[in-house]
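K.L.:
Got a structure for you, input.pdb, holding PDB, C-alpha atoms, pLDDT in the B column.
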ATOM      1  CA  MET A 147       0.000   0.000   0.000  1.00 45.00           C
ATOM      2  CA  PRO A 148       1.534   3.371  -0.968  1.00 46.00           C
ATOM      3  CA  ILE A 149       2.161   5.839   1.830  1.00 43.00           C
ATOM      4  CA  THR A 150       0.387   9.161   1.315  1.00 45.00           C
ATOM      5  CA  SER A 151       0.850  12.522   3.018  1.00 40.00           C
ATOM      6  CA  GLU A 152      -2.561  12.007   4.632  1.00 45.00           C
ATOM      7  CA  MET A 153      -1.290   8.868   6.325  1.00 43.00           C
ATOM      8  CA  ILE A 154       1.893  10.483   7.566  1.00 41.00           C
ATOM      9  CA  ASN A 155      -0.131  13.227   9.257  1.00 45.00           C
ATOM     10  CA  THR A 156      -2.832  10.855  10.535  1.00 42.00           C
ATOM     11  CA  PRO A 157      -2.493   9.065  13.886  1.00 45.00           C
ATOM     12  CA  ALA A 158      -2.162   5.283  13.524  1.00 44.00           C
ATOM     13  CA  SER A 159      -5.421   4.750  15.426  1.00 43.00           C
ATOM     14  CA  LEU A 160      -7.363   6.590  12.714  1.00 46.00           C
ATOM     15  CA  ARG A 161      -5.648   5.178   9.611  1.00 48.00           C
ATOM     16  CA  SER A 162      -8.101   2.310   9.291  1.00 50.00           C
ATOM     17  CA  ASP A 163     -10.919   4.890   9.287  1.00 55.00           C
ATOM     18  CA  LEU A 164      -9.730   6.690   6.139  1.00 62.00           C
ATOM     19  CA  ILE A 165     -12.466   6.709   3.499  1.00 74.00           C
ATOM     20  CA  THR A 166     -11.393   4.955   0.325  1.00 85.00           C
ATOM     21  CA  ILE A 167     -13.295   3.393  -2.545  1.00 88.00           C
ATOM     22  CA  SER A 168     -12.863  -0.330  -2.460  1.00 84.00           C
ATOM     23  CA  PRO A 169     -13.818  -2.514  -5.454  1.00 91.00           C
ATOM     24  CA  GLU A 170     -15.416  -5.804  -4.441  1.00 92.00           C
ATOM     25  CA  SER A 171     -15.850  -8.624  -6.946  1.00 95.00           C
ATOM     26  CA  VAL A 172     -19.510  -9.722  -7.232  1.00 95.00           C
ATOM     27  CA  ILE A 173     -21.603 -11.938  -9.483  1.00 95.00           C
ATOM     28  CA  THR A 174     -24.280 -10.182 -11.542  1.00 94.00           C
ATOM     29  CA  ILE A 175     -26.666 -10.897 -14.413  1.00 92.00           C
ATOM     30  CA  SER A 176     -25.965 -14.206 -16.164  1.00 91.00           C
ATOM     31  CA  GLY A 177     -23.057 -14.916 -13.800  1.00 93.00           C
ATOM     32  CA  ILE A 178     -20.941 -11.981 -15.011  1.00 95.00           C
ATOM     33  CA  ARG A 179     -18.349 -10.816 -12.494  1.00 96.00           C
ATOM     34  CA  ILE A 180     -17.933  -7.065 -11.939  1.00 96.00           C
ATOM     35  CA  ASP A 181     -16.123  -4.815  -9.483  1.00 96.00           C
ATOM     36  CA  LEU A 182     -18.795  -3.373  -7.207  1.00 95.00           C
ATOM     37  CA  LEU A 183     -17.645   0.016  -5.947  1.00 94.00           C
ATOM     38  CA  LYS A 184     -18.143   0.833  -2.266  1.00 91.00           C
ATOM     39  CA  PHE A 185     -16.575   3.005   0.363  1.00 92.00           C
ATOM     40  CA  ARG A 186     -14.415   0.805   2.559  1.00 87.00           C
ATOM     41  CA  THR A 187     -16.187   0.317   5.894  1.00 89.00           C
ATOM     42  CA  MET A 188     -14.043  -2.453   7.374  1.00 89.00           C
ATOM     43  CA  ARG A 189     -10.457  -2.628   8.498  1.00 85.00           C
ATOM     44  CA  ARG A 190      -8.014  -3.562   5.756  1.00 83.00           C
ATOM     45  CA  ASP A 191      -7.266  -6.887   7.460  1.00 84.00           C
ATOM     46  CA  ALA A 192     -10.959  -7.765   7.883  1.00 84.00           C
ATOM     47  CA  GLU A 193     -10.696 -10.905   5.763  1.00 83.00           C
ATOM     48  CA  ARG A 194      -7.298 -12.066   6.924  1.00 87.00           C
ATOM     49  CA  ASP A 195      -8.892 -15.381   7.988  1.00 85.00           C
ATOM     50  CA  GLY A 196     -11.112 -15.634   4.897  1.00 83.00           C
ATOM     51  CA  VAL A 197     -14.428 -14.150   3.816  1.00 84.00           C
ATOM     52  CA  ARG A 198     -17.418 -14.173   6.130  1.00 82.00           C
ATOM     53  CA  TRP A 199     -20.724 -12.373   6.362  1.00 82.00           C
ATOM     54  CA  ALA A 200     -20.819  -9.162   8.341  1.00 82.00           C
ATOM     55  CA  SER A 201     -22.710  -9.460  11.602  1.00 77.00           C
ATOM     56  CA  GLU A 202     -24.497  -7.073  13.938  1.00 78.00           C
ATOM     57  CA  GLY A 203     -21.871  -5.045  15.832  1.00 81.00           C
ATOM     58  CA  ASP A 204     -19.093  -6.579  13.703  1.00 85.00           C
ATOM     59  CA  SER A 205     -15.731  -5.591  15.226  1.00 84.00           C
ATOM     60  CA  ARG A 206     -14.173  -5.398  11.740  1.00 91.00           C
ATOM     61  CA  VAL A 207     -16.236  -2.278  10.890  1.00 89.00           C
ATOM     62  CA  THR A 208     -14.409   1.006  11.491  1.00 90.00           C
ATOM     63  CA  ARG A 209     -15.915   3.963  13.342  1.00 89.00           C
ATOM     64  CA  ILE A 210     -16.464   5.890  10.117  1.00 91.00           C
ATOM     65  CA  GLY A 211     -17.677   2.656   8.515  1.00 90.00           C
ATOM     66  CA  ARG A 212     -20.468   2.328  11.103  1.00 88.00           C
ATOM     67  CA  PHE A 213     -21.712   5.805  10.181  1.00 90.00           C
ATOM     68  CA  LEU A 214     -21.454   5.146   6.439  1.00 89.00           C
ATOM     69  CA  ARG A 215     -23.381   1.858   6.793  1.00 86.00           C
ATOM     70  CA  LYS A 216     -26.049   3.298   9.067  1.00 86.00           C
ATOM     71  CA  TYR A 217     -27.055   5.863   6.441  1.00 87.00           C
ATOM     72  CA  ARG A 218     -26.115   3.643   3.464  1.00 86.00           C
ATOM     73  CA  PHE A 219     -23.508   6.183   2.318  1.00 90.00           C
ATOM     74  CA  ASP A 220     -21.096   3.311   1.629  1.00 91.00           C
ATOM     75  CA  GLU A 221     -23.251   2.469  -1.408  1.00 91.00           C
ATOM     76  CA  ILE A 222     -22.829   5.876  -3.123  1.00 93.00           C
ATOM     77  CA  PRO A 223     -19.953   4.768  -5.421  1.00 95.00           C
ATOM     78  CA  GLN A 224     -22.286   2.118  -6.873  1.00 95.00           C
ATOM     79  CA  TYR A 225     -23.998   4.849  -8.849  1.00 95.00           C
ATOM     80  CA  LEU A 226     -20.928   4.579 -11.108  1.00 96.00           C
ATOM     81  CA  ASN A 227     -21.790   0.882 -11.566  1.00 96.00           C
ATOM     82  CA  VAL A 228     -25.299   1.993 -12.620  1.00 97.00           C
ATOM     83  CA  ILE A 229     -23.928   4.590 -15.059  1.00 97.00           C
ATOM     84  CA  ARG A 230     -21.668   1.908 -16.566  1.00 96.00           C
ATOM     85  CA  GLY A 231     -24.733  -0.298 -17.113  1.00 96.00           C
ATOM     86  CA  GLU A 232     -23.487  -2.998 -14.743  1.00 96.00           C
ATOM     87  CA  MET A 233     -26.295  -2.463 -12.217  1.00 97.00           C
ATOM     88  CA  SER A 234     -29.758  -0.957 -11.844  1.00 97.00           C
ATOM     89  CA  PHE A 235     -31.088   1.208  -9.058  1.00 96.00           C
ATOM     90  CA  VAL A 236     -33.485  -1.566  -7.989  1.00 98.00           C
ATOM     91  CA  GLY A 237     -32.954  -5.311  -8.200  1.00 97.00           C
ATOM     92  CA  PRO A 238     -31.515  -8.209  -6.228  1.00 97.00           C
ATOM     93  CA  ARG A 239     -28.262  -7.278  -4.495  1.00 94.00           C
ATOM     94  CA  PRO A 240     -25.194  -8.880  -6.064  1.00 95.00           C
ATOM     95  CA  GLU A 241     -23.243 -11.392  -3.987  1.00 94.00           C
ATOM     96  CA  ARG A 242     -19.538 -12.117  -3.767  1.00 93.00           C
ATOM     97  CA  PRO A 243     -18.348 -15.181  -5.717  1.00 95.00           C
ATOM     98  CA  GLU A 244     -17.316 -16.987  -2.515  1.00 94.00           C
ATOM     99  CA  PHE A 245     -20.873 -16.753  -1.181  1.00 94.00           C
ATOM    100  CA  VAL A 246     -22.500 -17.526  -4.547  1.00 95.00           C
ATOM    101  CA  GLU A 247     -20.644 -20.853  -4.680  1.00 94.00           C
ATOM    102  CA  ILE A 248     -21.935 -21.834  -1.243  1.00 94.00           C
ATOM    103  CA  LEU A 249     -25.470 -20.531  -1.756  1.00 96.00           C
ATOM    104  CA  ARG A 250     -26.077 -22.080  -5.174  1.00 95.00           C
ATOM    105  CA  GLU A 251     -25.139 -25.483  -3.705  1.00 96.00           C
ATOM    106  CA  GLN A 252     -27.434 -25.125  -0.706  1.00 96.00           C
ATOM    107  CA  ILE A 253     -30.408 -23.115  -1.994  1.00 97.00           C
ATOM    108  CA  ALA A 254     -32.615 -24.258  -4.855  1.00 96.00           C
ATOM    109  CA  PHE A 255     -33.203 -21.615  -7.552  1.00 96.00           C
ATOM    110  CA  PHE A 256     -30.509 -19.315  -6.141  1.00 97.00           C
ATOM    111  CA  ASP A 257     -29.218 -18.483  -9.632  1.00 96.00           C
ATOM    112  CA  GLU A 258     -32.658 -17.186 -10.681  1.00 96.00           C
ATOM    113  CA  ARG A 259     -31.704 -13.903  -9.022  1.00 95.00           C
ATOM    114  CA  HIS A 260     -28.995 -13.566 -11.696  1.00 96.00           C
ATOM    115  CA  SER A 261     -31.613 -13.328 -14.442  1.00 96.00           C
ATOM    116  CA  VAL A 262     -31.819  -9.531 -14.058  1.00 96.00           C
ATOM    117  CA  ARG A 263     -29.314  -6.755 -13.496  1.00 96.00           C
ATOM    118  CA  PRO A 264     -28.559  -6.381  -9.759  1.00 97.00           C
ATOM    119  CA  GLY A 265     -29.573  -3.263  -7.883  1.00 97.00           C
ATOM    120  CA  ILE A 266     -28.232  -0.822  -5.328  1.00 96.00           C
ATOM    121  CA  THR A 267     -31.415  -1.523  -3.378  1.00 95.00           C
ATOM    122  CA  GLY A 268     -34.045  -4.194  -3.655  1.00 96.00           C
ATOM    123  CA  TRP A 269     -37.167  -5.740  -2.155  1.00 97.00           C
ATOM    124  CA  ALA A 270     -35.083  -8.122  -0.023  1.00 96.00           C
ATOM    125  CA  GLN A 271     -33.046  -5.204   1.357  1.00 92.00           C
ATOM    126  CA  VAL A 272     -36.061  -3.228   2.514  1.00 93.00           C
ATOM    127  CA  CYS A 273     -37.875  -6.282   3.933  1.00 93.00           C
ATOM    128  CA  HIS A 274     -35.077  -8.231   5.616  1.00 88.00           C
ATOM    129  CA  PRO A 275     -31.851  -7.245   7.395  1.00 77.00           C
ATOM    130  CA  TYR A 276     -28.407  -8.202   6.136  1.00 77.00           C
ATOM    131  CA  ALA A 277     -27.919 -11.900   5.493  1.00 83.00           C
ATOM    132  CA  VAL A 278     -25.562 -13.447   8.039  1.00 86.00           C
ATOM    133  CA  SER A 279     -26.231 -17.104   7.255  1.00 91.00           C
ATOM    134  CA  VAL A 280     -27.410 -19.492   4.560  1.00 94.00           C
ATOM    135  CA  GLU A 281     -30.887 -19.424   6.126  1.00 95.00           C
ATOM    136  CA  ASP A 282     -30.984 -15.607   5.907  1.00 94.00           C
ATOM    137  CA  ALA A 283     -29.887 -15.839   2.267  1.00 95.00           C
ATOM    138  CA  ARG A 284     -32.719 -18.334   1.643  1.00 96.00           C
ATOM    139  CA  LEU A 285     -35.262 -15.857   3.077  1.00 96.00           C
ATOM    140  CA  LYS A 286     -33.812 -13.002   1.032  1.00 96.00           C
ATOM    141  CA  LEU A 287     -34.044 -15.157  -2.082  1.00 97.00           C
ATOM    142  CA  GLU A 288     -37.785 -15.502  -1.469  1.00 97.00           C
ATOM    143  CA  TYR A 289     -38.069 -11.701  -1.562  1.00 98.00           C
ATOM    144  CA  ASP A 290     -35.865 -11.559  -4.679  1.00 97.00           C
ATOM    145  CA  LEU A 291     -38.031 -14.137  -6.468  1.00 98.00           C
ATOM    146  CA  PHE A 292     -41.167 -12.210  -5.464  1.00 98.00           C
ATOM    147  CA  TYR A 293     -39.561  -9.080  -6.941  1.00 98.00           C
ATOM    148  CA  LEU A 294     -38.686 -10.886 -10.187  1.00 97.00           C
ATOM    149  CA  LYS A 295     -42.246 -12.142 -10.572  1.00 97.00           C
ATOM    150  CA  ASN A 296     -43.887  -8.809  -9.730  1.00 98.00           C
ATOM    151  CA  SER A 297     -41.427  -6.198 -10.984  1.00 96.00           C
ATOM    152  CA  SER A 298     -42.956  -2.988 -12.270  1.00 97.00           C
ATOM    153  CA  ILE A 299     -42.222   0.726 -12.211  1.00 97.00           C
ATOM    154  CA  ALA A 300     -44.710   1.174  -9.351  1.00 98.00           C
ATOM    155  CA  PHE A 301     -43.028  -1.602  -7.329  1.00 98.00           C
ATOM    156  CA  ASP A 302     -39.578  -0.069  -7.991  1.00 98.00           C
ATOM    157  CA  LEU A 303     -40.831   3.344  -6.830  1.00 98.00           C
ATOM    158  CA  MET A 304     -42.190   1.808  -3.619  1.00 97.00           C
ATOM    159  CA  ILE A 305     -38.821   0.119  -2.990  1.00 97.00           C
ATOM    160  CA  VAL A 306     -36.985   3.408  -3.605  1.00 96.00           C
ATOM    161  CA  ALA A 307     -39.356   5.192  -1.178  1.00 95.00           C
ATOM    162  CA  ARG A 308     -38.729   2.581   1.528  1.00 94.00           C
ATOM    163  CA  THR A 309     -34.995   2.822   0.882  1.00 93.00           C
ATOM    164  CA  LEU A 310     -35.087   6.615   1.263  1.00 91.00           C
ATOM    165  CA  LYS A 311     -36.925   6.195   4.565  1.00 90.00           C
ATOM    166  CA  THR A 312     -34.143   3.863   5.755  1.00 84.00           C
ATOM    167  CA  VAL A 313     -31.503   6.385   4.724  1.00 85.00           C
ATOM    168  CA  VAL A 314     -33.273   9.382   6.303  1.00 85.00           C
ATOM    169  CA  ILE A 315     -33.939   7.746   9.670  1.00 83.00           C
ATOM    170  CA  GLY A 316     -30.599   5.927   9.679  1.00 72.00           C
ATOM    171  CA  SER A 317     -31.995   2.493  10.365  1.00 71.00           C
ATOM    172  CA  GLY A 318     -29.206   0.792   8.436  1.00 59.00           C
ATOM    173  CA  ARG A 319     -26.572  -1.272  10.092  1.00 55.00           C
TER     174      ARG A 319
END
Is it possible to give me this structure as structure tokens?

P.N.:
Amino acid sequence: MPITSEMINTPASLRSDLITISPESVITISGIRIDLLKFRTMRRDAERDGVRWASEGDSRVTRIGRFLRKYRFDEIPQYLNVIRGEMSFVGPRPERPEFVEILREQIAFFDERHSVRPGITGWAQVCHPYAVSVEDARLKLEYDLFYLKNSSIAFDLMIVARTLKTVVIGSGR
């Protein structure tokens, strides 16, 4: 990692809180892999022992990261993914390849969610908290499949409205 003047003048205790854009490989429509852009919310060594789902009160999340996640500000760079045509505003959230491998083995019809472009927000996100297990992912898939079957402009607008409510009241995690 290159040393910057910001780091030299920043106490070591705050260095992990610096806001940077971090690309994260995810699986999207038809199994295509893209770099999902997000503000880094976890320590740089967060996956030293391998990937795992984030949990409530996860100690890997930085102080600034907690704020960014609470108000969903960490998702702002994904608007570039939308502009590039890699994502939509509304749709099933993309998953990391490591989780897709596990989930497609354990959950029937998991790959159906890859039949549309993924979204920054989606029906599963406004109806269910973050997935922290295979069972949570199974429940979120039910919401994703409901969305796929019932997608419409009106439904998308309702999802966007519920997402804005989450952002305004800071009920994110």

K.L.:
Compile the contact shell of A:Cys273 as a compact mmCIF listing (two decimals) with C-alpha atoms, in the frame of the given file: residues with an atom at most 12 Å away, counting only C-alpha atoms, same-chain residues fewer than 6 positions apart removed.

P.N.:
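Output (part_34.txt):
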# COMPACT_ATOMS: atom_id res chain seq x y z
CA THR A 267 -31.42 -1.52 -3.38
CA ASP A 282 -30.98 -15.61 5.91
CA LEU A 285 -35.26 -15.86 3.08
CA LYS A 286 -33.81 -13.00 1.03
CA LEU A 287 -34.04 -15.16 -2.08
CA GLU A 288 -37.78 -15.50 -1.47
CA TYR A 289 -38.07 -11.70 -1.56
CA ASP A 290 -35.86 -11.56 -4.68
CA PHE A 292 -41.17 -12.21 -5.46
CA TYR A 293 -39.56 -9.08 -6.94
CA MET A 304 -42.19 1.81 -3.62
CA ILE A 305 -38.82 0.12 -2.99
CA ARG A 308 -38.73 2.58 1.53
CA THR A 309 -34.99 2.82 0.88
CA THR A 312 -34.14 3.86 5.76

K.L.:
Any chance you could resolve the PyMOL selection byres ((chain A and resi 198) around 10) against this file and give the residues as number ranges by chain?

P.N.:
A: 192-193, 195-197, 199-201, 244-245, 278-279

K.L.:
For A:Lys184, which residue out of A:Ala270, A:Ile167, A:Val306, A:Val172 is the nearest one, using all atoms listed in the file?

P.N.:
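Closest candidate: A:Ile167.
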
K.L.:
Counting all atoms listed in the file, which of A:Arg186, A:Ser297, A:Ala283, A:Ser317 gets nearest to A:Ile222?

P.N.:
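Checking each of A:Arg186, A:Ser297, A:Ala283, A:Ser317 against A:Ile222, counting all atoms listed in the file, the winner is A:Arg186.
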
K.L.:
List, as a list in words, every residue that the PyMOL selection byres ((chain A and resi 234) around 8) selects in the file provided.

P.N.:
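That expression, the PyMOL selection byres ((chain A and resi 234) around 8), corresponds here to Val228, Gly231, Glu232, Met233, Phe235, Val236, Gly237, Arg263, Pro264, Gly265 and Ile266 of chain A.
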
K.L.:
Atom CA of A:Pro240 to atom CA of A:Asp191: how many Å, to one decimal?

P.N.:
22.5 Å

K.L.:
With only C-alpha atoms as the atoms that count, which of A:Arg209, A:Lys311, A:His260, A:Arg284 lies nearest to A:Gly177?

P.N.:
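Between A:Arg209, A:Lys311, A:His260, A:Arg284, the residue approaching A:Gly177 most closely is A:His260.
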